[in-house]
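> Can you read through this structure? Questions will come right after.
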Amino acid sequence: EQSFRPMGDIKIDPVVFWERLAKLRDAWNGARTAEGIWKGTDALVVDTGTANEDIIYSKSGALHTWLLGYEFTDTVMVFGNRAIHVLTAAKKMAYLMPLKTAENATLPLELLTRDKTDNSANYTALLKAIKDSHGGAVVATLGKEDPQGTFATGWRKALLEDGGLQQVELGPALAQLLAAKDSTEQACVKRAGIC
């Protein structure tokens with residue numbers, strides 16, 4: 001059974017999104033060697049499944065919250081060197097559309113609408129986006145996470161069946177990235193500590 005989370009009050013701050021995405025890209029491109037924490041990755045993939053209240057913490061949820069202020073379930077995000085691709089439900093597109101035209105946008109943001117029955121064409125587009133980034137051979141994923149639902153398992157299967165991609169674990173690099181807090185995050189932590 002899937003729980004319902006209303007999305008009506010969500011407001012994604014485009015300035016924060018693009019600033020934090022720049023931090024992610026700087027960290028990734030600054031240490032992209034095979035020996036570095038990003039393990040020579042050509043593209044980054046963060047995928048989420050259906051809502052699961054039993055999971056207290058996930059790096060995919062943490063990254064979504066850090067970038068968007070909210071966790072988008074049943075979503076795949078591909079971060080490449082020339083574009084970002086997001087595959088999600090049509091209802092969530094309205095929240096992401098303003099990011100495309102933000103004044104501080106630094107890359108094209110390609111939004112793909114998830115199909116309720118067959119996402120093979122979307123998966124093919126995401127795989128192409130991975131292969132078009134840098135050398136297109138190594139992709140960092142959150143392989144230790146186990147997103148639930150047909151959409152997530154379908155995506156993971158498509159990624160696994162593509163024999164041309166080597167997968168490496170993204171978790172340690174994301175943990176290092178998210179450990180450093182900006183002034184806004186520090187203020188939130190201080191306020192939370194008072195309670």
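Each chain in the structure tokens gets a letter, A, B, ..., in the order shown, and its residues are numbered from 1; ligands are numbered from 1 in order too.
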At a cut-off of 6 Å, using only C-alpha atoms, what residues contact segment 144-159 of chain A? Leave out same-chain residues fewer than 3 positions from it and give the result as JSON, numbers by chain.
{"A": [48, 49, 50, 162]}
> I'd like the neighbourhood of segment 112-115 of chain A as a PyMOL selection string, where a residue qualifies if any of its atoms comes within 12 Å (using only C-alpha atoms), though same-chain residues fewer than 4 positions away should be ignored.
chain A and resi 73-78+84-94+96-97+119-126+129+150-152+154-155
> Just the selected residues (N, CA, C and O atoms), exported as a short mmCIF file (atom, residue, chain, number, x, y, z; two decimals), in the first residue's frame, please.

```cif
data_model
loop_
_atom_site.label_atom_id
_atom_site.label_comp_id
_atom_site.auth_asym_id
_atom_site.auth_seq_id
_atom_site.Cartn_x
_atom_site.Cartn_y
_atom_site.Cartn_z
N THR A 73 9.26 10.92 -5.11
CA THR A 73 9.21 9.47 -5.25
C THR A 73 9.07 9.08 -6.72
O THR A 73 8.67 9.90 -7.56
N ASP A 74 9.39 7.83 -7.01
CA ASP A 74 9.29 7.30 -8.38
C ASP A 74 9.90 8.26 -9.40
O ASP A 74 9.27 8.65 -10.38
N THR A 75 11.15 8.61 -9.17
CA THR A 75 11.86 9.57 -10.00
C THR A 75 13.28 9.10 -10.25
O THR A 75 13.90 8.53 -9.37
N VAL A 76 13.78 9.35 -11.45
CA VAL A 76 15.19 9.09 -11.77
C VAL A 76 15.81 10.40 -12.21
O VAL A 76 15.26 11.09 -13.07
N MET A 77 16.94 10.73 -11.61
CA MET A 77 17.70 11.92 -11.99
C MET A 77 19.06 11.47 -12.53
O MET A 77 19.76 10.71 -11.86
N VAL A 78 19.40 11.93 -13.72
CA VAL A 78 20.71 11.64 -14.32
C VAL A 78 21.46 12.96 -14.43
O VAL A 78 20.99 13.89 -15.09
N ILE A 84 21.11 17.77 -17.33
CA ILE A 84 20.49 16.98 -16.27
C ILE A 84 19.19 16.46 -16.85
O ILE A 84 18.44 17.21 -17.49
N HIS A 85 18.92 15.19 -16.63
CA HIS A 85 17.68 14.57 -17.10
C HIS A 85 16.91 14.08 -15.89
O HIS A 85 17.49 13.42 -15.01
N VAL A 86 15.61 14.38 -15.85
CA VAL A 86 14.76 13.94 -14.76
C VAL A 86 13.55 13.24 -15.36
O VAL A 86 12.85 13.81 -16.20
N LEU A 87 13.33 12.02 -14.91
CA LEU A 87 12.15 11.25 -15.31
C LEU A 87 11.25 11.14 -14.09
O LEU A 87 11.65 10.56 -13.08
N THR A 88 10.05 11.72 -14.19
CA THR A 88 9.13 11.71 -13.06
C THR A 88 7.69 11.80 -13.57
O THR A 88 7.46 11.94 -14.77
N ALA A 89 6.74 11.75 -12.66
CA ALA A 89 5.32 11.80 -13.01
C ALA A 89 4.94 13.18 -13.53
O ALA A 89 5.52 14.20 -13.14
N ALA A 90 3.92 13.22 -14.37
CA ALA A 90 3.46 14.48 -14.96
C ALA A 90 3.06 15.49 -13.90
O ALA A 90 3.31 16.69 -14.05
N LYS A 91 2.47 15.04 -12.80
CA LYS A 91 2.03 15.96 -11.73
C LYS A 91 3.21 16.70 -11.11
O LYS A 91 3.07 17.83 -10.65
N LYS A 92 4.38 16.08 -11.10
CA LYS A 92 5.55 16.70 -10.47
C LYS A 92 6.27 17.67 -11.41
O LYS A 92 7.08 18.48 -10.97
N MET A 93 5.96 17.60 -12.70
CA MET A 93 6.62 18.46 -13.68
C MET A 93 6.40 19.95 -13.39
O MET A 93 7.30 20.75 -13.58
N ALA A 94 5.21 20.30 -12.92
CA ALA A 94 4.90 21.71 -12.66
C ALA A 94 5.86 22.31 -11.64
O ALA A 94 6.19 23.49 -11.71
N LEU A 96 9.01 21.37 -11.28
CA LEU A 96 10.36 21.40 -11.84
C LEU A 96 10.51 22.38 -13.00
O LEU A 96 11.61 22.85 -13.27
N MET A 97 9.42 22.69 -13.69
CA MET A 97 9.48 23.55 -14.87
C MET A 97 10.17 24.90 -14.61
O MET A 97 10.98 25.34 -15.43
N ASN A 119 7.85 2.40 -19.76
CA ASN A 119 8.86 3.45 -19.72
C ASN A 119 10.11 3.10 -20.51
O ASN A 119 11.14 3.74 -20.34
N SER A 120 10.03 2.09 -21.36
CA SER A 120 11.24 1.65 -22.07
C SER A 120 11.86 2.79 -22.89
O SER A 120 13.09 2.93 -22.92
N ALA A 121 11.05 3.62 -23.54
CA ALA A 121 11.60 4.74 -24.32
C ALA A 121 12.28 5.76 -23.39
O ALA A 121 13.34 6.30 -23.72
N ASN A 122 11.68 6.00 -22.23
CA ASN A 122 12.29 6.91 -21.25
C ASN A 122 13.60 6.34 -20.72
O ASN A 122 14.58 7.07 -20.57
N TYR A 123 13.63 5.05 -20.44
CA TYR A 123 14.85 4.43 -19.95
C TYR A 123 15.95 4.52 -21.00
O TYR A 123 17.11 4.79 -20.68
N THR A 124 15.59 4.32 -22.27
CA THR A 124 16.56 4.44 -23.37
C THR A 124 17.13 5.86 -23.42
O THR A 124 18.33 6.05 -23.60
N ALA A 125 16.26 6.86 -23.25
CA ALA A 125 16.73 8.26 -23.26
C ALA A 125 17.68 8.53 -22.09
O ALA A 125 18.69 9.22 -22.26
N LEU A 126 17.39 7.97 -20.92
CA LEU A 126 18.27 8.16 -19.77
C LEU A 126 19.61 7.46 -19.98
O LEU A 126 20.66 8.01 -19.64
N ALA A 129 21.64 9.55 -22.20
CA ALA A 129 22.18 10.70 -21.47
C ALA A 129 23.42 10.32 -20.68
O ALA A 129 24.39 11.08 -20.62
N THR A 150 7.32 -0.94 -9.16
CA THR A 150 7.58 -1.40 -10.53
C THR A 150 8.42 -0.42 -11.33
O THR A 150 9.27 -0.83 -12.12
N PHE A 151 8.19 0.86 -11.13
CA PHE A 151 8.96 1.86 -11.86
C PHE A 151 10.44 1.75 -11.52
O PHE A 151 11.30 1.68 -12.40
N ALA A 152 10.76 1.72 -10.23
CA ALA A 152 12.16 1.67 -9.79
C ALA A 152 12.83 0.38 -10.23
O ALA A 152 13.97 0.40 -10.71
N GLY A 154 11.97 -1.49 -12.73
CA GLY A 154 12.10 -1.44 -14.19
C GLY A 154 13.32 -0.65 -14.63
O GLY A 154 14.06 -1.06 -15.52
N TRP A 155 13.54 0.50 -13.97
CA TRP A 155 14.72 1.32 -14.29
C TRP A 155 16.00 0.58 -13.94
O TRP A 155 16.94 0.55 -14.72
#
```
> According to DSSP computed on the backbone, where in segment 3-165 of chain A is there helix (DSSP H, G or I)? Give the residues as an MDAnalysis selection string.
chainID A and resid 14:30 59:68 90:100 120:131 150:161
> Report as CSV: every residue of segment 62-162 of chain A with an atom at most 10 Å from segment 168-178 of chain A, its closest pair of atoms, and their distance in Å to one decimal, counting only C-alpha atoms, with rows sorted by chain and ascending residue number.

```
residue,atom,partner,partner_atom,distance
A:Ala62,CA,A:Leu178,CA,8.2
A:Leu63,CA,A:Leu174,CA,7.8
A:Trp66,CA,A:Leu178,CA,8.0
A:Val138,CA,A:Val168,CA,7.2
A:Val139,CA,A:Val168,CA,6.3
A:Ala140,CA,A:Val168,CA,4.8
A:Thr141,CA,A:Leu170,CA,5.1
A:Leu142,CA,A:Leu170,CA,5.3
A:Gly143,CA,A:Glu169,CA,6.0
A:Lys144,CA,A:Glu169,CA,7.6
A:Glu145,CA,A:Gly171,CA,9.1
```
> Please, what distance in Å, to one decimal, runs between atom CA of Ala83 of chain A and atom CA of Asn29 of chain A?
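Answer for the atom CA of Ala83 of chain A to atom CA of Asn29 of chain A separation: 14.0 Å.
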> One decimal, in Å: what's the spacing between atom CA of Leu68 of chain A and atom CA of Leu24 of chain A?
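For atom CA of Leu68 of chain A relative to atom CA of Leu24 of chain A, the distance reads 13.4 Å.
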> Apply DSSP to the structure's backbone, then extract all residues of segment 53-157 of chain A labelled strand (DSSP E) and return them as a list in words.
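Of segment 53-157 of chain A, the ones in strand (DSSP E) are Thr75, Val76, Met77, Val78, Phe79, Ile84, His85, Val86, Leu87, Thr88, Leu109, Glu110, Leu111, Leu112, Thr113, Val138, Val139, Ala140 and Thr141 of chain A.
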> Please list as an MDAnalysis selection string every residue within 12 Å of segment 99-107 of chain A, counting only C-alpha atoms and excluding residues in the same chain fewer than 3 positions away.
chainID A and resid 11:23 25 67:68 79:86 93:96 110:111
> In Å, how far is it from atom CA of Gly135 of chain A to atom CA of Gly40 of chain A?
9.6 Å
